[in-house]
2 protein chains.
Amino acid sequence: MLGAALDLFSEHGFEGTSLQGIADRLGVTKAAVYYHFHTKDEILLALVQPAIDELLMLAGEKDSGLRPQRGRGMDVAGYVDYLLRHRRVAAYLTRDATAMSRPVLVEKGAQLRGQVEAMLLGGDADDLSTLWGSATLQALAGALMAAPPDVSETWLREELTDLGMHLLAGYRKAARRRQT
Amino acid sequence: MLGAALDLFSEHGFEGTSLQGIADRLGVTKAAVYYHFHTKDEILLALVQPAIDELLMLAGEKDSGLRPQRGRGMDVAGYVDYLLRHRRVAAYLTRDATAMSRPVLVEKGAQLRGQVEAMLLGGDADDLSTLWGSATLQALAGALMAAPPDVSETWLREELTDLGMHLLAGYRKAARRRQT
DNA sequence: GTCTATAATGCGATAGAC
DNA sequence: GTCTATCGCATTATAGAC
């Protein structure tokens, strides 16, 4: 069910997808869909909730000191693992601006952006870190979307980690250069 | 007019924006909007056309040999200039997948993806170049969107060029490593 | 738990007066 | 060039039979 919805949301966007369309793909009627989810937003929420919760947890771990603090810099490998685990949802959320601007998700969205950037860059909050932070997140998501479906997951994991580390190194270099 | 439409499209997506909403923001009625644009798609097209045409031209220049060929690798600075010139439209197009999948834009979209990737990576078309190419485009667009509106344009231009060059260098390094 | 039927609303788009 | 008014249609959502 949620799989069918994600298919259609990814292809036509949230607003471009009708409950009729979802019901048709499932071979049932609209009313049957409404039995399980009382609104369209509820479908979106159910689809996205697990990925969001997990990301908040992932970002929270660092703050609570469960992992050794590195002063700055995230666990790139951990974030790549996360992306691969929620591959399709992550790709969808970065492509459909409507989804995150829904009332049900807008508060979570603000939380997310803040925590992920902090996780990624270790607490800096100047223009430079904002720029590189957003670039890194978008680069990883973009690479994820562009990757052909037939490439092996281990190859993809390796390349994405490489990409993330490379960007993180680039940020550090840029930050150092601007500081002196 | 087109500015108001871009505001709303950026915030709620193409499908999520109603003609009523556009008319309300302009302080006129729906019918008044329809006088200038006969369909909703026409608004999108008018909004996006200049940016798309210019990008196709930019990508075309390299093929026609007007600029010195470098074998591989794009003119990063030229692309950054382009992005800054069409800042808001470029940001919108990378965030709203529904827009490019509209019938009016779908053919241009296919053209674009091909030419820009070729421009960026110099004709390679393997999995690695696809990954890094898409990552670079998304990173630049993401950085553009995240940049606070008050930063100076020269600073932004410099940082974006840095970012693009850094990613291009990363791709070359990765390609070299995998070749041996 | 799934159906048919229907209510209520908003949408894109058109016609014609001013 | 902008308005009022309206058409036809798809949408979200509900009520009640089975």
# chains A, B, ... in the order shown; residues from 1 in each chain; ligands from 1
$ residues_around --residues "C:DC11" --least-positions-apart "3" --cutoff "10 Å" --atoms "only C-alpha atoms (C1' of nucleotides)" --output "JSON, numbers by chain"
{"B": [18, 19, 20], "D": [9, 10, 11]}
$ write_last_selection --atoms "N, CA and C atoms (P, O5', C5', C4', C3', O3' and C1' of nucleotides)" --output "PDB file, in the first residue's frame"
ATOM      1  N   SER B  18      -2.516  27.107  -7.141  1.00  0.00           N
ATOM      2  CA  SER B  18      -3.721  27.296  -7.951  1.00  0.00           C
ATOM      3  C   SER B  18      -3.668  28.655  -8.640  1.00  0.00           C
ATOM      4  N   LEU B  19      -4.366  28.745  -9.748  1.00  0.00           N
ATOM      5  CA  LEU B  19      -4.451  30.023 -10.442  1.00  0.00           C
ATOM      6  C   LEU B  19      -5.127  31.055  -9.553  1.00  0.00           C
ATOM      7  N   GLN B  20      -6.054  30.578  -8.728  1.00  0.00           N
ATOM      8  CA  GLN B  20      -6.697  31.477  -7.777  1.00  0.00           C
ATOM      9  C   GLN B  20      -5.660  32.087  -6.845  1.00  0.00           C
TER      10      GLN B  20
ATOM     11  P    DC D   9     -17.660  16.996 -18.403  1.00  0.00           P
ATOM     12  O5'  DC D   9     -16.452  16.752 -17.382  1.00  0.00           O
ATOM     13  C5'  DC D   9     -15.246  17.509 -17.533  1.00  0.00           C
ATOM     14  C4'  DC D   9     -14.497  17.538 -16.219  1.00  0.00           C
ATOM     15  C3'  DC D   9     -14.506  16.184 -15.484  1.00  0.00           C
ATOM     16  O3'  DC D   9     -13.173  15.712 -15.455  1.00  0.00           O
ATOM     17  C1'  DC D   9     -14.856  18.019 -13.999  1.00  0.00           C
ATOM     18  P    DA D  10     -12.894  14.194 -15.103  1.00  0.00           P
ATOM     19  O5'  DA D  10     -11.987  14.331 -13.794  1.00  0.00           O
ATOM     20  C5'  DA D  10     -10.903  15.248 -13.788  1.00  0.00           C
ATOM     21  C4'  DA D  10     -10.504  15.525 -12.356  1.00  0.00           C
ATOM     22  C3'  DA D  10     -10.371  14.271 -11.486  1.00  0.00           C
ATOM     23  O3'  DA D  10      -9.093  14.283 -10.853  1.00  0.00           O
ATOM     24  C1'  DA D  10     -11.829  15.858 -10.455  1.00  0.00           C
ATOM     25  P    DT D  11      -8.654  13.146  -9.853  1.00  0.00           P
ATOM     26  O5'  DT D  11      -8.785  13.792  -8.400  1.00  0.00           O
ATOM     27  C5'  DT D  11      -8.224  15.089  -8.148  1.00  0.00           C
ATOM     28  C4'  DT D  11      -8.836  15.674  -6.914  1.00  0.00           C
ATOM     29  C3'  DT D  11      -8.948  14.701  -5.743  1.00  0.00           C
ATOM     30  O3'  DT D  11      -7.762  14.745  -4.995  1.00  0.00           O
ATOM     31  C1'  DT D  11     -10.920  16.079  -5.966  1.00  0.00           C
TER      32       DT D  11
END
$ interface_residues --of "chain B" --to "chain D" --cutoff "12 Å" --atoms "only C-alpha atoms (C1' of nucleotides)" --output "MDAnalysis selection string"
chainID B and resid 23 27:36
$ write_last_selection --atoms "N, CA and C atoms" --output "PDB file, in the first residue's frame"
ATOM      1  N   ALA B  23      -3.696  34.695  -8.677  1.00  0.00           N
ATOM      2  CA  ALA B  23      -4.525  35.882  -8.870  1.00  0.00           C
ATOM      3  C   ALA B  23      -4.670  36.666  -7.572  1.00  0.00           C
ATOM      4  N   GLY B  27      -3.741  40.482  -6.606  1.00  0.00           N
ATOM      5  CA  GLY B  27      -4.858  41.368  -6.347  1.00  0.00           C
ATOM      6  C   GLY B  27      -5.803  41.486  -7.532  1.00  0.00           C
ATOM      7  N   VAL B  28      -5.820  40.460  -8.390  1.00  0.00           N
ATOM      8  CA  VAL B  28      -6.755  40.457  -9.524  1.00  0.00           C
ATOM      9  C   VAL B  28      -7.549  39.152  -9.493  1.00  0.00           C
ATOM     10  N   THR B  29      -8.320  38.894 -10.511  1.00  0.00           N
ATOM     11  CA  THR B  29      -9.110  37.666 -10.559  1.00  0.00           C
ATOM     12  C   THR B  29      -8.450  36.631 -11.467  1.00  0.00           C
ATOM     13  N   LYS B  30      -8.934  35.419 -11.345  1.00  0.00           N
ATOM     14  CA  LYS B  30      -8.420  34.337 -12.181  1.00  0.00           C
ATOM     15  C   LYS B  30      -8.488  34.699 -13.667  1.00  0.00           C
ATOM     16  N   ALA B  31      -9.652  35.217 -14.064  1.00  0.00           N
ATOM     17  CA  ALA B  31      -9.871  35.521 -15.473  1.00  0.00           C
ATOM     18  C   ALA B  31      -8.840  36.517 -15.996  1.00  0.00           C
ATOM     19  N   ALA B  32      -8.433  37.437 -15.142  1.00  0.00           N
ATOM     20  CA  ALA B  32      -7.420  38.407 -15.555  1.00  0.00           C
ATOM     21  C   ALA B  32      -6.093  37.709 -15.860  1.00  0.00           C
ATOM     22  N   VAL B  33      -5.768  36.705 -15.046  1.00  0.00           N
ATOM     23  CA  VAL B  33      -4.545  35.940 -15.307  1.00  0.00           C
ATOM     24  C   VAL B  33      -4.651  35.213 -16.639  1.00  0.00           C
ATOM     25  N   TYR B  34      -5.847  34.691 -16.898  1.00  0.00           N
ATOM     26  CA  TYR B  34      -6.051  33.937 -18.132  1.00  0.00           C
ATOM     27  C   TYR B  34      -5.969  34.803 -19.385  1.00  0.00           C
ATOM     28  N   TYR B  35      -6.103  36.096 -19.181  1.00  0.00           N
ATOM     29  CA  TYR B  35      -5.948  36.976 -20.342  1.00  0.00           C
ATOM     30  C   TYR B  35      -4.507  36.953 -20.835  1.00  0.00           C
ATOM     31  N   HIS B  36      -3.575  36.915 -19.913  1.00  0.00           N
ATOM     32  CA  HIS B  36      -2.155  36.958 -20.273  1.00  0.00           C
ATOM     33  C   HIS B  36      -1.602  35.565 -20.612  1.00  0.00           C
TER      34      HIS B  36
END
$ closest_atom_pairs --of "chain C" --to "chain A" --cutoff "10 Å" --atoms "only C-alpha atoms (C1' of nucleotides)" --output "CSV"
residue,atom,partner,partner_atom,distance
C:DG1,C1',A:Ala32,CA,7.9
C:DT2,C1',A:Ala32,CA,5.8
C:DC3,C1',A:Thr29,CA,7.9
C:DT4,C1',A:Ala31,CA,9.6
$ select_by_dssp --residues "stretch 10-177 of chain B" --states "helix (DSSP H, G or I)" --output "ChimeraX atom specification"
/B:10-12,19-26,30-36,40-63,76-85,87-95,97-100,103-121,127-146,153-177
$ residues_around --residues "B:Gln138" --least-positions-apart "5" --cutoff "10 Å" --atoms "only C-alpha atoms (C1' of nucleotides)" --output "PyMOL selection string"
(chain A and resi 134-143) or (chain B and resi 91+94-95+132-133+143-144)
$ closest_atom_pairs --of "chain A" --to "chain B" --cutoff "10 Å" --atoms "only C-alpha atoms" --output "tab-separated table"
residue	atom	partner	partner_atom	distance
A:Phe9	CA	B:Thr98	CA	9.9
A:Ser10	CA	B:Ala97	CA	8.5
A:Glu11	CA	B:Thr98	CA	7.8
A:His12	CA	B:Thr98	CA	6.0
A:Gly13	CA	B:Thr98	CA	6.0
A:Phe14	CA	B:Glu15	CA	8.4
A:Glu15	CA	B:Glu15	CA	5.6
A:Gly16	CA	B:Glu15	CA	5.8
A:Thr17	CA	B:Glu15	CA	9.5
A:Tyr92	CA	B:Ala97	CA	9.4
A:Leu93	CA	B:Arg95	CA	9.4
A:Thr94	CA	B:Arg95	CA	6.9
A:Arg95	CA	B:Arg95	CA	5.0
A:Asp96	CA	B:Asp96	CA	5.5
A:Ala97	CA	B:Arg95	CA	6.0
A:Thr98	CA	B:His12	CA	5.1
A:Ala99	CA	B:His12	CA	8.7
A:Met100	CA	B:His12	CA	9.5
A:Ser101	CA	B:His12	CA	7.0
A:Arg102	CA	B:His12	CA	8.7
A:Asp127	CA	B:Ala147	CA	7.0
A:Leu128	CA	B:Glu159	CA	8.2
A:Ser129	CA	B:Ala147	CA	10.0
A:Thr130	CA	B:Ala146	CA	6.6
A:Leu131	CA	B:Ala143	CA	4.8
A:Trp132	CA	B:Ala143	CA	6.6
A:Gly133	CA	B:Ala143	CA	8.0
A:Ser134	CA	B:Ala143	CA	5.6
A:Ala135	CA	B:Ala139	CA	4.1
A:Thr136	CA	B:Ala139	CA	6.2
A:Leu137	CA	B:Ala139	CA	7.6
A:Gln138	CA	B:Ala139	CA	5.2
A:Ala139	CA	B:Ala135	CA	4.1
A:Leu140	CA	B:Ala135	CA	6.3
A:Ala141	CA	B:Ala135	CA	7.6
A:Gly142	CA	B:Ala135	CA	5.0
A:Ala143	CA	B:Ala135	CA	4.8
A:Leu144	CA	B:Leu131	CA	7.6
A:Met145	CA	B:Ser134	CA	8.3
A:Ala146	CA	B:Leu131	CA	6.0
A:Ala147	CA	B:Leu131	CA	5.9
A:Pro148	CA	B:Asp127	CA	7.3
A:Val151	CA	B:Asp127	CA	8.1
A:Leu156	CA	B:Leu131	CA	9.2
A:Glu159	CA	B:Leu128	CA	8.3
A:Leu160	CA	B:Leu131	CA	8.7
A:Asp162	CA	B:Ala174	CA	8.5
A:Leu163	CA	B:Gly170	CA	7.7
A:His166	CA	B:Gly170	CA	6.8
A:Leu167	CA	B:Leu167	CA	7.5
A:Ala169	CA	B:His166	CA	9.8
A:Gly170	CA	B:His166	CA	6.8
A:Tyr171	CA	B:Leu163	CA	8.7
A:Ala174	CA	B:Asp162	CA	8.5
$ calpha_fit_and_write --fixed "chain B" --moving "chain A" --output "PDB file with C-alpha atoms, in the first residue's frame"
ATOM      1  CA  MET A   1       3.565  38.669 -12.861  1.00  0.00           C
ATOM      2  CA  LEU A   2       6.024  35.853 -13.496  1.00  0.00           C
ATOM      3  CA  GLY A   3       7.716  36.860 -10.272  1.00  0.00           C
ATOM      4  CA  ALA A   4       4.524  36.301  -8.293  1.00  0.00           C
ATOM      5  CA  ALA A   5       4.029  32.936  -9.960  1.00  0.00           C
ATOM      6  CA  LEU A   6       7.591  31.877  -9.158  1.00  0.00           C
ATOM      7  CA  ASP A   7       7.079  32.895  -5.532  1.00  0.00           C
ATOM      8  CA  LEU A   8       4.044  30.666  -5.219  1.00  0.00           C
ATOM      9  CA  PHE A   9       5.436  27.767  -7.249  1.00  0.00           C
ATOM     10  CA  SER A  10       8.537  27.794  -5.057  1.00  0.00           C
ATOM     11  CA  GLU A  11       6.492  27.823  -1.879  1.00  0.00           C
ATOM     12  CA  HIS A  12       3.649  25.432  -2.687  1.00  0.00           C
ATOM     13  CA  GLY A  13       4.870  23.615  -5.792  1.00  0.00           C
ATOM     14  CA  PHE A  14       3.342  23.777  -9.240  1.00  0.00           C
ATOM     15  CA  GLU A  15       0.349  21.584  -8.511  1.00  0.00           C
ATOM     16  CA  GLY A  16      -0.139  23.180  -5.131  1.00  0.00           C
ATOM     17  CA  THR A  17      -0.501  26.627  -6.651  1.00  0.00           C
ATOM     18  CA  SER A  18      -3.870  27.710  -8.023  1.00  0.00           C
ATOM     19  CA  LEU A  19      -4.524  30.371 -10.597  1.00  0.00           C
ATOM     20  CA  GLN A  20      -6.785  31.924  -7.995  1.00  0.00           C
ATOM     21  CA  GLY A  21      -3.799  32.249  -5.720  1.00  0.00           C
ATOM     22  CA  ILE A  22      -1.711  33.912  -8.403  1.00  0.00           C
ATOM     23  CA  ALA A  23      -4.550  36.273  -9.280  1.00  0.00           C
ATOM     24  CA  ASP A  24      -5.108  37.158  -5.617  1.00  0.00           C
ATOM     25  CA  ARG A  25      -1.463  38.023  -5.105  1.00  0.00           C
ATOM     26  CA  LEU A  26      -1.578  40.278  -8.154  1.00  0.00           C
ATOM     27  CA  GLY A  27      -4.832  41.880  -7.013  1.00  0.00           C
ATOM     28  CA  VAL A  28      -6.692  40.847 -10.153  1.00  0.00           C
ATOM     29  CA  THR A  29      -9.099  38.080 -11.076  1.00  0.00           C
ATOM     30  CA  LYS A  30      -8.476  34.662 -12.535  1.00  0.00           C
ATOM     31  CA  ALA A  31      -9.880  35.711 -15.893  1.00  0.00           C
ATOM     32  CA  ALA A  32      -7.373  38.538 -16.115  1.00  0.00           C
ATOM     33  CA  VAL A  33      -4.545  36.043 -15.715  1.00  0.00           C
ATOM     34  CA  TYR A  34      -6.059  33.908 -18.456  1.00  0.00           C
ATOM     35  CA  TYR A  35      -5.894  36.819 -20.816  1.00  0.00           C
ATOM     36  CA  HIS A  36      -2.100  36.781 -20.690  1.00  0.00           C
ATOM     37  CA  PHE A  37      -1.564  33.024 -20.385  1.00  0.00           C
ATOM     38  CA  HIS A  38      -4.078  30.622 -21.788  1.00  0.00           C
ATOM     39  CA  THR A  39      -3.138  27.681 -19.595  1.00  0.00           C
ATOM     40  CA  LYS A  40      -1.324  27.059 -16.348  1.00  0.00           C
ATOM     41  CA  ASP A  41       1.420  25.219 -18.191  1.00  0.00           C
ATOM     42  CA  GLU A  42       2.005  28.312 -20.294  1.00  0.00           C
ATOM     43  CA  ILE A  43       2.908  30.243 -17.168  1.00  0.00           C
ATOM     44  CA  LEU A  44       5.395  27.584 -16.150  1.00  0.00           C
ATOM     45  CA  LEU A  45       6.901  27.522 -19.605  1.00  0.00           C
ATOM     46  CA  ALA A  46       7.291  31.306 -19.778  1.00  0.00           C
ATOM     47  CA  LEU A  47       8.899  31.230 -16.361  1.00  0.00           C
ATOM     48  CA  VAL A  48      11.399  28.549 -17.182  1.00  0.00           C
ATOM     49  CA  GLN A  49      12.023  28.994 -20.891  1.00  0.00           C
ATOM     50  CA  PRO A  50      14.770  31.653 -20.692  1.00  0.00           C
ATOM     51  CA  ALA A  51      16.792  29.653 -18.179  1.00  0.00           C
ATOM     52  CA  ILE A  52      16.466  26.451 -20.193  1.00  0.00           C
ATOM     53  CA  ASP A  53      17.348  28.081 -23.501  1.00  0.00           C
ATOM     54  CA  GLU A  54      20.390  29.712 -21.997  1.00  0.00           C
ATOM     55  CA  LEU A  55      21.566  26.466 -20.481  1.00  0.00           C
ATOM     56  CA  LEU A  56      21.165  24.646 -23.789  1.00  0.00           C
ATOM     57  CA  MET A  57      23.169  27.395 -25.451  1.00  0.00           C
ATOM     58  CA  LEU A  58      25.835  27.202 -22.773  1.00  0.00           C
ATOM     59  CA  ALA A  59      26.100  23.458 -23.253  1.00  0.00           C
ATOM     60  CA  GLY A  60      26.053  23.867 -27.026  1.00  0.00           C
ATOM     61  CA  GLU A  61      28.967  26.269 -27.126  1.00  0.00           C
ATOM     62  CA  LYS A  62      31.391  23.635 -26.093  1.00  0.00           C
ATOM     63  CA  ASP A  63      30.279  21.170 -28.759  1.00  0.00           C
ATOM     64  CA  SER A  64      30.437  23.699 -31.551  1.00  0.00           C
ATOM     65  CA  GLY A  65      34.050  24.415 -30.709  1.00  0.00           C
ATOM     66  CA  LEU A  66      33.643  28.110 -29.991  1.00  0.00           C
ATOM     67  CA  ARG A  67      35.633  27.643 -26.846  1.00  0.00           C
ATOM     68  CA  PRO A  68      38.909  25.791 -26.673  1.00  0.00           C
ATOM     69  CA  GLN A  69      38.242  22.116 -26.032  1.00  0.00           C
ATOM     70  CA  ARG A  70      39.780  20.765 -22.918  1.00  0.00           C
ATOM     71  CA  GLY A  71      39.090  17.144 -23.673  1.00  0.00           C
ATOM     72  CA  ARG A  72      37.059  16.849 -20.519  1.00  0.00           C
ATOM     73  CA  GLY A  73      35.732  19.078 -17.843  1.00  0.00           C
ATOM     74  CA  MET A  74      33.371  22.005 -18.087  1.00  0.00           C
ATOM     75  CA  ASP A  75      33.830  25.660 -17.556  1.00  0.00           C
ATOM     76  CA  VAL A  76      32.797  25.602 -13.916  1.00  0.00           C
ATOM     77  CA  ALA A  77      32.921  29.372 -13.599  1.00  0.00           C
ATOM     78  CA  GLY A  78      30.590  29.717 -16.565  1.00  0.00           C
ATOM     79  CA  TYR A  79      28.066  27.356 -15.073  1.00  0.00           C
ATOM     80  CA  VAL A  80      28.197  29.119 -11.713  1.00  0.00           C
ATOM     81  CA  ASP A  81      27.592  32.430 -13.470  1.00  0.00           C
ATOM     82  CA  TYR A  82      24.599  30.856 -15.127  1.00  0.00           C
ATOM     83  CA  LEU A  83      23.252  29.578 -11.831  1.00  0.00           C
ATOM     84  CA  LEU A  84      23.590  32.979 -10.207  1.00  0.00           C
ATOM     85  CA  ARG A  85      21.865  34.640 -13.143  1.00  0.00           C
ATOM     86  CA  HIS A  86      18.881  32.311 -12.861  1.00  0.00           C
ATOM     87  CA  ARG A  87      19.153  31.698  -9.175  1.00  0.00           C
ATOM     88  CA  ARG A  88      15.526  31.363  -8.172  1.00  0.00           C
ATOM     89  CA  VAL A  89      14.385  29.436 -11.213  1.00  0.00           C
ATOM     90  CA  ALA A  90      17.275  26.996 -10.929  1.00  0.00           C
ATOM     91  CA  ALA A  91      16.527  26.423  -7.264  1.00  0.00           C
ATOM     92  CA  TYR A  92      12.862  25.888  -8.010  1.00  0.00           C
ATOM     93  CA  LEU A  93      13.459  23.398 -10.805  1.00  0.00           C
ATOM     94  CA  THR A  94      15.701  21.211  -8.672  1.00  0.00           C
ATOM     95  CA  ARG A  95      13.131  21.148  -5.859  1.00  0.00           C
ATOM     96  CA  ASP A  96       9.882  20.576  -7.719  1.00  0.00           C
ATOM     97  CA  ALA A  97       9.902  17.325  -9.639  1.00  0.00           C
ATOM     98  CA  THR A  98       6.382  18.019 -10.914  1.00  0.00           C
ATOM     99  CA  ALA A  99       7.526  20.939 -13.014  1.00  0.00           C
ATOM    100  CA  MET A 100       9.974  19.053 -15.201  1.00  0.00           C
ATOM    101  CA  SER A 101       7.526  16.163 -15.621  1.00  0.00           C
ATOM    102  CA  ARG A 102       4.915  18.426 -17.206  1.00  0.00           C
ATOM    103  CA  PRO A 103       4.237  17.524 -20.837  1.00  0.00           C
ATOM    104  CA  VAL A 104       5.488  20.923 -22.013  1.00  0.00           C
ATOM    105  CA  LEU A 105       8.857  20.456 -20.373  1.00  0.00           C
ATOM    106  CA  VAL A 106       9.512  16.756 -20.496  1.00  0.00           C
ATOM    107  CA  GLU A 107      11.292  16.780 -23.862  1.00  0.00           C
ATOM    108  CA  LYS A 108      13.453  19.732 -22.904  1.00  0.00           C
ATOM    109  CA  GLY A 109      14.291  17.992 -19.653  1.00  0.00           C
ATOM    110  CA  ALA A 110      15.750  14.979 -21.413  1.00  0.00           C
ATOM    111  CA  GLN A 111      17.819  17.208 -23.706  1.00  0.00           C
ATOM    112  CA  LEU A 112      19.093  19.152 -20.737  1.00  0.00           C
ATOM    113  CA  ARG A 113      20.211  16.275 -18.595  1.00  0.00           C
ATOM    114  CA  GLY A 114      22.224  14.817 -21.429  1.00  0.00           C
ATOM    115  CA  GLN A 115      23.917  17.998 -22.543  1.00  0.00           C
ATOM    116  CA  VAL A 116      24.737  19.283 -19.099  1.00  0.00           C
ATOM    117  CA  GLU A 117      26.312  16.017 -18.071  1.00  0.00           C
ATOM    118  CA  ALA A 118      28.359  15.956 -21.248  1.00  0.00           C
ATOM    119  CA  MET A 119      29.421  19.542 -20.636  1.00  0.00           C
ATOM    120  CA  LEU A 120      30.338  18.768 -17.086  1.00  0.00           C
ATOM    121  CA  LEU A 121      32.332  15.626 -17.601  1.00  0.00           C
ATOM    122  CA  GLY A 122      33.500  15.884 -21.177  1.00  0.00           C
ATOM    123  CA  GLY A 123      31.640  13.039 -22.783  1.00  0.00           C
ATOM    124  CA  ASP A 124      32.220  10.147 -20.425  1.00  0.00           C
ATOM    125  CA  ALA A 125      29.075   8.151 -19.884  1.00  0.00           C
ATOM    126  CA  ASP A 126      29.939   5.385 -17.449  1.00  0.00           C
ATOM    127  CA  ASP A 127      28.448   4.794 -14.018  1.00  0.00           C
ATOM    128  CA  LEU A 128      31.172   6.746 -12.260  1.00  0.00           C
ATOM    129  CA  SER A 129      30.721   9.894 -14.336  1.00  0.00           C
ATOM    130  CA  THR A 130      26.955   9.705 -13.983  1.00  0.00           C
ATOM    131  CA  LEU A 131      27.328   9.528 -10.229  1.00  0.00           C
ATOM    132  CA  TRP A 132      29.783  12.396  -9.853  1.00  0.00           C
ATOM    133  CA  GLY A 133      28.080  14.466 -12.504  1.00  0.00           C
ATOM    134  CA  SER A 134      24.721  14.332 -10.827  1.00  0.00           C
ATOM    135  CA  ALA A 135      26.342  14.874  -7.448  1.00  0.00           C
ATOM    136  CA  THR A 136      28.055  18.023  -8.697  1.00  0.00           C
ATOM    137  CA  LEU A 137      24.911  19.500 -10.202  1.00  0.00           C
ATOM    138  CA  GLN A 138      22.899  18.751  -7.084  1.00  0.00           C
ATOM    139  CA  ALA A 139      25.627  20.049  -4.802  1.00  0.00           C
ATOM    140  CA  LEU A 140      25.806  23.390  -6.616  1.00  0.00           C
ATOM    141  CA  ALA A 141      22.028  23.746  -6.669  1.00  0.00           C
ATOM    142  CA  GLY A 142      21.806  22.746  -3.008  1.00  0.00           C
ATOM    143  CA  ALA A 143      24.453  25.237  -1.993  1.00  0.00           C
ATOM    144  CA  LEU A 144      22.658  27.905  -3.985  1.00  0.00           C
ATOM    145  CA  MET A 145      19.399  27.210  -2.190  1.00  0.00           C
ATOM    146  CA  ALA A 146      20.976  27.100   1.243  1.00  0.00           C
ATOM    147  CA  ALA A 147      22.913  30.323   0.864  1.00  0.00           C
ATOM    148  CA  PRO A 148      21.436  33.067   3.054  1.00  0.00           C
ATOM    149  CA  PRO A 149      19.974  35.857   0.922  1.00  0.00           C
ATOM    150  CA  ASP A 150      22.228  38.468   2.472  1.00  0.00           C
ATOM    151  CA  VAL A 151      25.603  37.072   1.458  1.00  0.00           C
ATOM    152  CA  SER A 152      27.417  39.023  -1.216  1.00  0.00           C
ATOM    153  CA  GLU A 153      27.213  37.706  -4.740  1.00  0.00           C
ATOM    154  CA  THR A 154      30.964  37.779  -5.235  1.00  0.00           C
ATOM    155  CA  TRP A 155      31.457  35.657  -2.114  1.00  0.00           C
ATOM    156  CA  LEU A 156      28.824  33.218  -3.287  1.00  0.00           C
ATOM    157  CA  ARG A 157      30.303  33.037  -6.771  1.00  0.00           C
ATOM    158  CA  GLU A 158      33.722  32.305  -5.338  1.00  0.00           C
ATOM    159  CA  GLU A 159      32.488  29.593  -2.985  1.00  0.00           C
ATOM    160  CA  LEU A 160      30.352  27.885  -5.598  1.00  0.00           C
ATOM    161  CA  THR A 161      33.220  27.855  -8.064  1.00  0.00           C
ATOM    162  CA  ASP A 162      35.437  26.381  -5.381  1.00  0.00           C
ATOM    163  CA  LEU A 163      32.836  23.745  -4.671  1.00  0.00           C
ATOM    164  CA  GLY A 164      32.438  22.847  -8.327  1.00  0.00           C
ATOM    165  CA  MET A 165      36.170  22.658  -8.954  1.00  0.00           C
ATOM    166  CA  HIS A 166      36.650  20.551  -5.859  1.00  0.00           C
ATOM    167  CA  LEU A 167      34.047  18.045  -7.037  1.00  0.00           C
ATOM    168  CA  LEU A 168      35.467  17.977 -10.536  1.00  0.00           C
ATOM    169  CA  ALA A 169      38.889  17.237  -9.104  1.00  0.00           C
ATOM    170  CA  GLY A 170      37.338  14.523  -6.990  1.00  0.00           C
ATOM    171  CA  TYR A 171      35.808  12.917 -10.034  1.00  0.00           C
ATOM    172  CA  ARG A 172      39.094  12.960 -11.926  1.00  0.00           C
ATOM    173  CA  LYS A 173      40.864  11.394  -8.992  1.00  0.00           C
ATOM    174  CA  ALA A 174      38.217   8.705  -8.671  1.00  0.00           C
ATOM    175  CA  ALA A 175      38.311   8.004 -12.405  1.00  0.00           C
ATOM    176  CA  ARG A 176      42.078   7.696 -12.364  1.00  0.00           C
ATOM    177  CA  ARG A 177      42.021   5.396  -9.375  1.00  0.00           C
ATOM    178  CA  ARG A 178      39.452   3.078 -11.014  1.00  0.00           C
ATOM    179  CA  GLN A 179      41.289   2.970 -14.310  1.00  0.00           C
ATOM    180  CA  THR A 180      44.508   1.502 -12.978  1.00  0.00           C
TER     181      THR A 180
END
$ decode --residues "chain D" --atoms "C-alpha atoms (C1' of nucleotides)" --output "compact mmCIF listing (two decimals), in the first residue's frame"
# COMPACT_ATOMS: atom_id res chain seq x y z
C1' DG D 1 -7.46 44.60 -19.80
C1' DT D 2 -10.19 43.29 -16.05
C1' DC D 3 -14.41 42.01 -14.37
C1' DT D 4 -18.67 38.62 -12.95
C1' DA D 5 -20.62 34.42 -13.63
C1' DT D 6 -20.58 29.87 -14.76
C1' DC D 7 -19.50 25.27 -16.89
C1' DG D 8 -17.61 20.68 -16.44
C1' DC D 9 -14.86 18.02 -14.00
C1' DA D 10 -11.83 15.86 -10.46
C1' DT D 11 -10.92 16.08 -5.97
C1' DT D 12 -11.17 14.92 -0.77
C1' DA D 13 -14.12 13.06 2.31
C1' DT D 14 -18.47 10.84 4.38
C1' DA D 15 -22.64 7.69 5.07
C1' DG D 16 -24.51 3.46 5.03
C1' DA D 17 -25.33 -1.24 2.81
C1' DC D 18 -23.18 -5.81 2.62
